[in-house]
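J.: Have a look at this one before I ask anything.
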There are 2 protein chains.
Amino acid sequence: MAFSFTIEKKMRGLGRAGVVHTPHGDILTPAFVPVATKATVKALTPEQVRELGAQVVLANTYHLYLQPGDALVARAGGFGKFMGWSGPTITDSGGFQAFSLGAAFGTGISKLLKKSDELILPEAQADIEERENEAEKKAARLAKIDRDGVMFRSHIDGSAHYFTPEKSIDIQHNLGADIIFAFDECTSPTEPIHYQREALDRTHAWARRSLTRHQERKSEQALFGIVQGGRHEELRKISAAAIGEMDFAGFGIGGSFAKEDMSQAVRWVNEILPPERPRHLLGIGEPADIFGAVENGCDLFDCVAPTRNARTGTLYTSTGKLNILNSQFMQDFSPVDAQCDCFTCRTYTRAYLAHLFRAKEMLAATLASIHNLRFIIKLTEDIRSSILHDTFERYKESFFKVYIH
Amino acid sequence: MAFSFTIEKKMRGLGRAGVVHTPHGDILTPAFVPVATKATVKALTPEQVRELGAQVVLANTYHLYLQPGDALVARAGGFGKFMGWSGPTITDSGGFQAFSLGAAFGTGISKLLKKSDELILPEAQADIEERENEAEKKAARLAKIDRDGVMFRSHIDGSAHYFTPEKSIDIQHNLGADIIFAFDECTSPTEPIHYQREALDRTHAWARRSLTRHQERKSEQALFGIVQGGRHEELRKISAAAIGEMDFAGFGIGGSFAKEDMSQAVRWVNEILPPERPRHLLGIGEPADIFGAVENGCDLFDCVAPTRNARTGTLYTSTGKLNILNSQFMQDFSPVDAQCDCFTCRTYTRAYLAHLFRAKEMLAATLASIHNLRFIIKLTEDIRSSILHDTFERYKESFFKVYIH
């Protein structure tokens, strides 16, 4: 089956519930997309990912290109088959690394992202944190952007690589996901406006080149274009108009916003993008952000936050987050969240999870990841249901009455 | 239901197939028992452990006593309930730590165990290796043995603790396993014979005291006595006679042997032990050892080797072990073992596992542990079936025709 999108129900404003049809099955939207960075959702089997309600997973082109290599993944039948996931799949463009491996180093953005609560760029932050733990921490700029693409060095062995729009599309064809993304430049929010304009022109040129390469290769994969523009209304609108008139199967919304402005920036974009095609907000996964994104017209979201938080013991509950390493939980025989229907909450006590985290057992990460992903996916399922039943506002209000963030 | 043991079929010699009945279900024997050291089989959920055919799990009294504490585990309903395992459970006595935390340090045994292929004491080796990674690596003797018990220091916080037979039984009652063990001293094989005799007398006195304490407390748990005696025929026979005449529900065979002598030492013991009660060979789990143990009358075996090997990339196959980190496997799209029916072999290629290990993904440990445990459990199932069908010798021969160890 080819790719298509059906809108089932529209809310007042921009929000909607729908179905993304892909060759590997349907995705009921709004949908949260777990991240399988290196062709595995960290600490989980695909069966566990499926059981907690995930419909689709997203892998990172940059990571799989470097290890084990996209040619090998192609021989394995694509990354879905390689990792034992039979449902729909997504890859990003690798362009995000132009930001996280390039500009983020040398300008001190990583520190800024860490210290500031105002910036939403969880994927960037995540990536930078990972990178900062590595040997090349002190290397200067690892990536160099020019008109044609990005030159960067592998964080694994330091080897030099060059991504262009054509190369990104070729790699993503090898990786074989149902939904792939045009090559883009995700700028740092601290870059001056003139640089943002320049980068945006590049992103639009790269979008056209990505599309051309994709059309030449006659792939069944659905190519999404990415809207950028940072925190600037003017640039966001220019980008939505430019990308929106290209022949993409759907759209990604990338970049960074101030936390309180995220909903607004998404609204600027989605008021312009053609409504009949699906929209994927990249790197967003906090409960509050999901409500804001949905009511402003986004259909898909991916984020490493639920699994990354899980691995450090930060667990979502209907009343807010808790840190399972706090000593109060050592003797707490209630489930992580009495409202939650996940395997972890059905089977285990907080005391058991507290024990596993203290004993540094791998199962801690598994059980916590199952819970956090289920929490976010259940939230998205409930949001979808509330849209279908015209009760979104009521559901949102009841959620935030008890959820403290 | 109370504890009992039924022998279904006897082989020529000492071997047999049977059923151990416990309050939490039956164990078809011979059976391999996965180790859940700290109330978790490392990297696996209980569902995964069940799905790969495990019937029973064994947790370590020493570890759970120190973290999270046996009183807490009792409040949780016992370690089985705490960890979400509804089937039969076993705890060891904690006495083994008298060896691994005590004598092994200060006498250089840990090094000896590491370097020699002749000694079988996988659990000891495992424990020592674990310990050597910890901060207290250079501490002198951590444990001190006297007539009444063992004084030792926690490897977690250095606090002092004293185990006596009574204390071990009390802790094991709190942990709540179906099968528990008498407190024993597992000597180092390098200790002189006069020390071995002295330790054996202690082990027999501790066995009587363990039994008395257990009978006073009227627990439904089945208490097994442990036969020691090192590599000495005379001592093994003395121990089997002494422990065999006490009122235990079953027996453990502990200690260390030279690899080529293991079967013989087990035979010395099992020719004397009352045949109608089950026998658990402690710390054995290599394929060759399992055949030797079964044909010499053992019913149960536990060992950390399958999961420990798995975590380092050493995988069992029907033709012998392989190291998945060897570069030849990076492009190998066959399953780990084409003969194997486990989830990992049904779903994944060697190339995917090679990728996960190189990428240091947690799922590597999970998939490898599923495979290695299934391999050993399937082997034990096949051995049982061959006993029931009078084809044990033929099965053993066909197994070792292709399995290179």
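By convention here, the chains of the structure tokens are called A, B, ... in the order presented, each chain's residues are numbered starting at 1, and ligands are numbered starting at 1 in the order presented.
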Step one, run DSSP on the backbone; step two, keep only residues of stretch 134-230 of chain A assigned to alpha helix (DSSP H); then write them as a ChimeraX atom specification.

T.: /A:165-175,193-217

J.: Tell me the residues of chain A close to chain B, meaning within 7 Å using only C-alpha atoms, as a list in words.

T.: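 That gives Lys42, Ala43, Leu44, Thr45, Pro68, Phe82, Gly84, Thr347, Tyr348, Tyr352, His355, Glu361, Met362 and Leu363 of chain A for chain A.
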
J.: Can you write out the residues you just picked, keeping C-alpha atoms, as a PDB file, in the first residue's frame?

T.:
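Output contents, as saved in out.pdb:
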ATOM      1  CA  LYS A  42      17.275   1.418  24.170  1.00  0.00           C
ATOM      2  CA  ALA A  43      16.810  -1.448  26.662  1.00  0.00           C
ATOM      3  CA  LEU A  44      13.629  -2.798  25.003  1.00  0.00           C
ATOM      4  CA  THR A  45      12.774  -5.608  22.622  1.00  0.00           C
ATOM      5  CA  PRO A  68      26.834  -0.551  11.166  1.00  0.00           C
ATOM      6  CA  PHE A  82      17.172  -5.592  10.922  1.00  0.00           C
ATOM      7  CA  GLY A  84      12.793  -7.076  14.277  1.00  0.00           C
ATOM      8  CA  THR A 347       3.716  -6.161  37.950  1.00  0.00           C
ATOM      9  CA  TYR A 348       6.083  -4.181  40.169  1.00  0.00           C
ATOM     10  CA  TYR A 352      11.363  -3.054  43.499  1.00  0.00           C
ATOM     11  CA  HIS A 355      16.061  -1.656  44.479  1.00  0.00           C
ATOM     12  CA  GLU A 361      20.583  -3.765  37.366  1.00  0.00           C
ATOM     13  CA  MET A 362      19.876  -3.477  33.642  1.00  0.00           C
ATOM     14  CA  LEU A 363      16.261  -4.435  34.236  1.00  0.00           C
TER      15      LEU A 363
END

J.: Any idea what's packed within 9 Å of B:Lys237, counting only C-alpha atoms, ignoring anything in its chain fewer than 5 positions away? Could you give it as a PDB file with N, CA and C atoms, in the first residue's frame?

T.:
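Output below, filename part-v3.pdb:
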ATOM      1  N   GLY B 229      33.405 -31.302  50.932  1.00  0.00           N
ATOM      2  CA  GLY B 229      34.475 -32.302  50.945  1.00  0.00           C
ATOM      3  C   GLY B 229      35.529 -32.089  49.870  1.00  0.00           C
ATOM      4  N   HIS B 232      38.411 -34.489  47.691  1.00  0.00           N
ATOM      5  CA  HIS B 232      38.873 -35.698  48.392  1.00  0.00           C
ATOM      6  C   HIS B 232      37.773 -36.743  48.479  1.00  0.00           C
ATOM      7  N   ALA B 242      27.002 -38.214  56.250  1.00  0.00           N
ATOM      8  CA  ALA B 242      26.560 -37.379  57.375  1.00  0.00           C
ATOM      9  C   ALA B 242      25.327 -36.551  57.001  1.00  0.00           C
ATOM     10  N   TRP B 268      30.632 -40.291  43.702  1.00  0.00           N
ATOM     11  CA  TRP B 268      30.931 -40.668  45.094  1.00  0.00           C
ATOM     12  C   TRP B 268      29.785 -40.256  46.012  1.00  0.00           C
ATOM     13  N   VAL B 269      29.353 -39.033  45.831  1.00  0.00           N
ATOM     14  CA  VAL B 269      28.329 -38.464  46.727  1.00  0.00           C
ATOM     15  C   VAL B 269      26.963 -39.115  46.481  1.00  0.00           C
ATOM     16  N   GLU B 271      26.129 -41.920  45.156  1.00  0.00           N
ATOM     17  CA  GLU B 271      26.005 -43.345  45.486  1.00  0.00           C
ATOM     18  C   GLU B 271      25.611 -43.529  46.948  1.00  0.00           C
ATOM     19  N   ILE B 272      25.842 -42.496  47.733  1.00  0.00           N
ATOM     20  CA  ILE B 272      25.556 -42.590  49.177  1.00  0.00           C
ATOM     21  C   ILE B 272      24.265 -41.878  49.565  1.00  0.00           C
TER      22      ILE B 272
END

J.: Enumerate, as a list in words, the complete set of residues in stretch 163-229 of chain B that a backbone-based DSSP assignment places in strand (DSSP E or B).

T.: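 Checking each residue of stretch 163-229 of chain B, the strand (DSSP E or B) ones are Phe163, Ile179, Ile180, Phe181, Ala222, Leu223, Phe224, Gly225, Ile226 and Val227 of chain B.
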
J.: Give me the residues within 7 Å of A:Gly252 as a PyMOL selection string, counting only C-alpha atoms and dropping any in the same chain fewer than 6 places off.

T.: chain A and resi 224-227+279-282

J.: Quick one, how far is atom CA of A:Ile290 from atom CA of A:Tyr62?

T.: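 Going from atom CA of A:Ile290 over to atom CA of A:Tyr62, I get 25.7 Å.
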
J.: Could you pull the residues within 10 Å of B:Thr203, counting only C-alpha atoms, minus those fewer than 6 positions along the same chain, as number ranges by chain?

T.: B: 95, 147, 149, 165, 182-186, 197, 209, 225-229, 239, 243

J.: Could you dump the residues just selected with N, CA and C atoms as a tab-separated table (two decimals), in the first residue's frame?

T.:
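Writing the result to again.tsv gives the following:
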chain	number	residue	atom	x	y	z
B	95	GLY	N	26.38	-19.01	52.62
B	95	GLY	CA	27.63	-19.58	53.11
B	95	GLY	C	28.73	-19.52	52.07
B	147	ARG	N	33.71	-21.02	64.85
B	147	ARG	CA	32.86	-22.20	65.06
B	147	ARG	C	31.39	-21.90	64.79
B	149	GLY	N	30.04	-19.27	62.94
B	149	GLY	CA	29.60	-18.68	61.68
B	149	GLY	C	30.68	-17.87	61.01
B	165	PRO	N	24.31	-20.31	61.20
B	165	PRO	CA	23.29	-21.16	60.58
B	165	PRO	C	21.88	-20.64	60.87
B	182	ALA	N	20.86	-25.27	53.76
B	182	ALA	CA	21.55	-25.20	55.05
B	182	ALA	C	22.82	-24.37	54.88
B	183	PHE	N	23.23	-23.75	55.97
B	183	PHE	CA	24.44	-22.91	55.97
B	183	PHE	C	25.68	-23.80	55.93
B	184	ASP	N	26.61	-23.49	55.03
B	184	ASP	CA	27.78	-24.36	54.85
B	184	ASP	C	29.04	-23.55	54.63
B	185	GLU	N	30.17	-24.19	54.73
B	185	GLU	CA	31.43	-23.54	54.37
B	185	GLU	C	31.98	-24.19	53.12
B	186	CYS	N	32.15	-23.38	52.09
B	186	CYS	CA	32.71	-23.87	50.83
B	186	CYS	C	34.20	-23.52	50.85
B	197	ARG	N	39.16	-30.97	56.58
B	197	ARG	CA	38.45	-31.80	57.57
B	197	ARG	C	37.73	-30.93	58.60
B	209	ARG	N	22.36	-27.55	62.89
B	209	ARG	CA	21.79	-26.33	63.49
B	209	ARG	C	20.78	-25.66	62.53
B	225	GLY	N	20.16	-29.94	52.61
B	225	GLY	CA	21.50	-29.94	53.23
B	225	GLY	C	22.56	-29.93	52.16
B	226	ILE	N	23.74	-29.40	52.47
B	226	ILE	CA	24.80	-29.31	51.46
B	226	ILE	C	25.97	-30.24	51.79
B	227	VAL	N	26.33	-31.05	50.82
B	227	VAL	CA	27.49	-31.94	50.92
B	227	VAL	C	28.73	-31.17	50.44
B	228	GLN	N	29.80	-31.17	51.26
B	228	GLN	CA	31.07	-30.58	50.83
B	228	GLN	C	32.14	-31.67	50.80
B	229	GLY	N	33.40	-31.30	50.93
B	229	GLY	CA	34.47	-32.30	50.95
B	229	GLY	C	35.53	-32.09	49.87
B	239	SER	N	30.96	-36.82	54.01
B	239	SER	CA	29.97	-35.75	54.00
B	239	SER	C	28.62	-36.25	53.49
B	243	ILE	N	25.38	-35.88	55.86
B	243	ILE	CA	24.26	-35.02	55.44
B	243	ILE	C	23.07	-35.90	55.02

J.: Pick the closest to A:Gly244 from A:Thr212, A:Asn270, A:Ser219, A:Thr89: which is it, counting only C-alpha atoms?

T.: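 The shortest atom-to-atom distance to A:Gly244 comes from A:Asn270.
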
J.: For the atom pair atom CA of B:Asp170 and atom CA of B:Ala222, what is the interatomic distance in Å to one decimal place?

T.: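 Value for the atom CA of B:Asp170-atom CA of B:Ala222 distance: 13.6 Å.
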
J.: If you count only C-alpha atoms, which residues fall within 7 Å of A:Ala368, apart from same-chain ones fewer than 6 positions away, as a ChimeraX atom specification?

T.: /A:310-311,315

J.: Can you write out the residues you just picked, keeping N, CA and C atoms, as a short mmCIF file (atom, residue, chain, number, x, y, z; two decimals), in the first residue's frame?

T.:
data_model
loop_
_atom_site.label_atom_id
_atom_site.label_comp_id
_atom_site.auth_asym_id
_atom_site.auth_seq_id
_atom_site.Cartn_x
_atom_site.Cartn_y
_atom_site.Cartn_z
N ALA A 310 13.95 7.72 31.77
CA ALA A 310 13.77 6.42 32.41
C ALA A 310 15.09 5.87 32.89
N ARG A 311 16.11 5.97 32.05
CA ARG A 311 17.39 5.36 32.40
C ARG A 311 18.07 6.03 33.58
N LEU A 315 10.70 9.16 36.45
CA LEU A 315 9.51 8.46 35.96
C LEU A 315 8.32 9.39 35.90
#

J.: Each residue of stretch 341-383 of chain B lying at most 10 Å from stretch 390-400 of chain B should get a row with its shortest atom-to-atom pair and the distance in Å to one decimal, counting only C-alpha atoms; could you produce that, ordered by chain and increasing number, as CSV?

T.:
residue,atom,partner,partner_atom,distance
B:Leu379,CA,B:Phe399,CA,9.2
B:Asp382,CA,B:Tyr395,CA,8.2
B:Ile383,CA,B:Phe392,CA,6.5

J.: Enter the distance from atom CA of A:Tyr316 to atom CA of A:Phe375, in Å, rounded to one decimal.

T.: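 Straight-line distance from atom CA of A:Tyr316 to atom CA of A:Phe375 works out to 6.7 Å.
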
J.: Find the residues around A:Ala288 up to 12 Å (only C-alpha atoms counted), leave out those fewer than 5 positions away in its own chain, and share them as a list in words.

T.: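 So the residues in contact are Ile120, Lys259, Glu260, Met262, Ser263, Ala293, Val294, Glu295, Gly320, Ile376, Leu379, Thr380, Ile383, Lys396, Glu397, Phe399, Phe400, Tyr403, Ile404 and His405 of chain A.
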
J.: Write a file of the selected residues as a PDB file, in the first residue's frame, keeping N, CA and C atoms.

T.:
ATOM      1  N   ILE A 120      13.652  24.586  24.249  1.00  0.00           N
ATOM      2  CA  ILE A 120      13.214  23.227  23.970  1.00  0.00           C
ATOM      3  C   ILE A 120      14.036  22.699  22.815  1.00  0.00           C
ATOM      4  N   LYS A 259      10.504  27.866  25.346  1.00  0.00           N
ATOM      5  CA  LYS A 259       9.488  26.915  25.785  1.00  0.00           C
ATOM      6  C   LYS A 259       8.085  27.511  25.668  1.00  0.00           C
ATOM      7  N   GLU A 260       7.930  28.754  26.137  1.00  0.00           N
ATOM      8  CA  GLU A 260       6.585  29.325  26.140  1.00  0.00           C
ATOM      9  C   GLU A 260       6.111  29.684  24.729  1.00  0.00           C
ATOM     10  N   MET A 262       6.690  27.703  21.950  1.00  0.00           N
ATOM     11  CA  MET A 262       6.645  26.551  21.057  1.00  0.00           C
ATOM     12  C   MET A 262       5.293  26.439  20.364  1.00  0.00           C
ATOM     13  N   SER A 263       4.224  26.529  21.134  1.00  0.00           N
ATOM     14  CA  SER A 263       2.893  26.385  20.551  1.00  0.00           C
ATOM     15  C   SER A 263       2.654  27.447  19.489  1.00  0.00           C
ATOM     16  N   ALA A 293       1.363  21.050  20.955  1.00  0.00           N
ATOM     17  CA  ALA A 293       1.633  20.683  19.566  1.00  0.00           C
ATOM     18  C   ALA A 293       0.370  20.166  18.888  1.00  0.00           C
ATOM     19  N   VAL A 294      -0.384  19.342  19.596  1.00  0.00           N
ATOM     20  CA  VAL A 294      -1.594  18.747  19.012  1.00  0.00           C
ATOM     21  C   VAL A 294      -2.619  19.830  18.698  1.00  0.00           C
ATOM     22  N   GLU A 295      -2.880  20.716  19.644  1.00  0.00           N
ATOM     23  CA  GLU A 295      -3.943  21.695  19.402  1.00  0.00           C
ATOM     24  C   GLU A 295      -3.531  22.714  18.339  1.00  0.00           C
ATOM     25  N   GLY A 320       2.815  14.116  37.979  1.00  0.00           N
ATOM     26  CA  GLY A 320       4.092  14.753  37.675  1.00  0.00           C
ATOM     27  C   GLY A 320       5.217  13.733  37.729  1.00  0.00           C
ATOM     28  N   ILE A 376       3.577   8.229  27.968  1.00  0.00           N
ATOM     29  CA  ILE A 376       3.465   9.231  26.899  1.00  0.00           C
ATOM     30  C   ILE A 376       2.528   8.729  25.784  1.00  0.00           C
ATOM     31  N   LEU A 379      -1.022   8.841  26.998  1.00  0.00           N
ATOM     32  CA  LEU A 379      -1.450  10.239  26.987  1.00  0.00           C
ATOM     33  C   LEU A 379      -1.881  10.636  25.573  1.00  0.00           C
ATOM     34  N   THR A 380      -1.092  10.233  24.584  1.00  0.00           N
ATOM     35  CA  THR A 380      -1.394  10.585  23.189  1.00  0.00           C
ATOM     36  C   THR A 380      -2.656   9.861  22.714  1.00  0.00           C
ATOM     37  N   ILE A 383      -5.500  11.747  24.209  1.00  0.00           N
ATOM     38  CA  ILE A 383      -5.704  13.004  23.486  1.00  0.00           C
ATOM     39  C   ILE A 383      -6.457  12.724  22.185  1.00  0.00           C
ATOM     40  N   LYS A 396      -7.730  18.042  28.598  1.00  0.00           N
ATOM     41  CA  LYS A 396      -6.522  18.810  28.889  1.00  0.00           C
ATOM     42  C   LYS A 396      -6.594  19.438  30.286  1.00  0.00           C
ATOM     43  N   GLU A 397      -7.755  20.000  30.573  1.00  0.00           N
ATOM     44  CA  GLU A 397      -7.931  20.641  31.876  1.00  0.00           C
ATOM     45  C   GLU A 397      -7.796  19.620  33.009  1.00  0.00           C
ATOM     46  N   PHE A 399      -6.236  16.815  32.942  1.00  0.00           N
ATOM     47  CA  PHE A 399      -4.857  16.323  33.021  1.00  0.00           C
ATOM     48  C   PHE A 399      -4.003  17.275  33.856  1.00  0.00           C
ATOM     49  N   PHE A 400      -4.085  18.575  33.551  1.00  0.00           N
ATOM     50  CA  PHE A 400      -3.212  19.527  34.226  1.00  0.00           C
ATOM     51  C   PHE A 400      -3.710  19.927  35.611  1.00  0.00           C
ATOM     52  N   TYR A 403      -1.478  17.088  37.147  1.00  0.00           N
ATOM     53  CA  TYR A 403      -0.094  16.925  36.688  1.00  0.00           C
ATOM     54  C   TYR A 403       0.699  18.194  36.954  1.00  0.00           C
ATOM     55  N   ILE A 404       1.733  18.098  37.787  1.00  0.00           N
ATOM     56  CA  ILE A 404       2.575  19.259  38.088  1.00  0.00           C
ATOM     57  C   ILE A 404       3.869  19.126  37.286  1.00  0.00           C
ATOM     58  N   HIS A 405       4.151  20.114  36.425  1.00  0.00           N
ATOM     59  CA  HIS A 405       5.411  20.025  35.681  1.00  0.00           C
ATOM     60  C   HIS A 405       6.308  21.215  35.954  1.00  0.00           C
TER      61      HIS A 405
END

J.: Between B:His204, B:Arg213, B:Arg308, B:Lys218, which is the closest to B:Leu235 once you count only C-alpha atoms?

T.: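 Ranked by minimum distance to B:Leu235, first place goes to B:His204.
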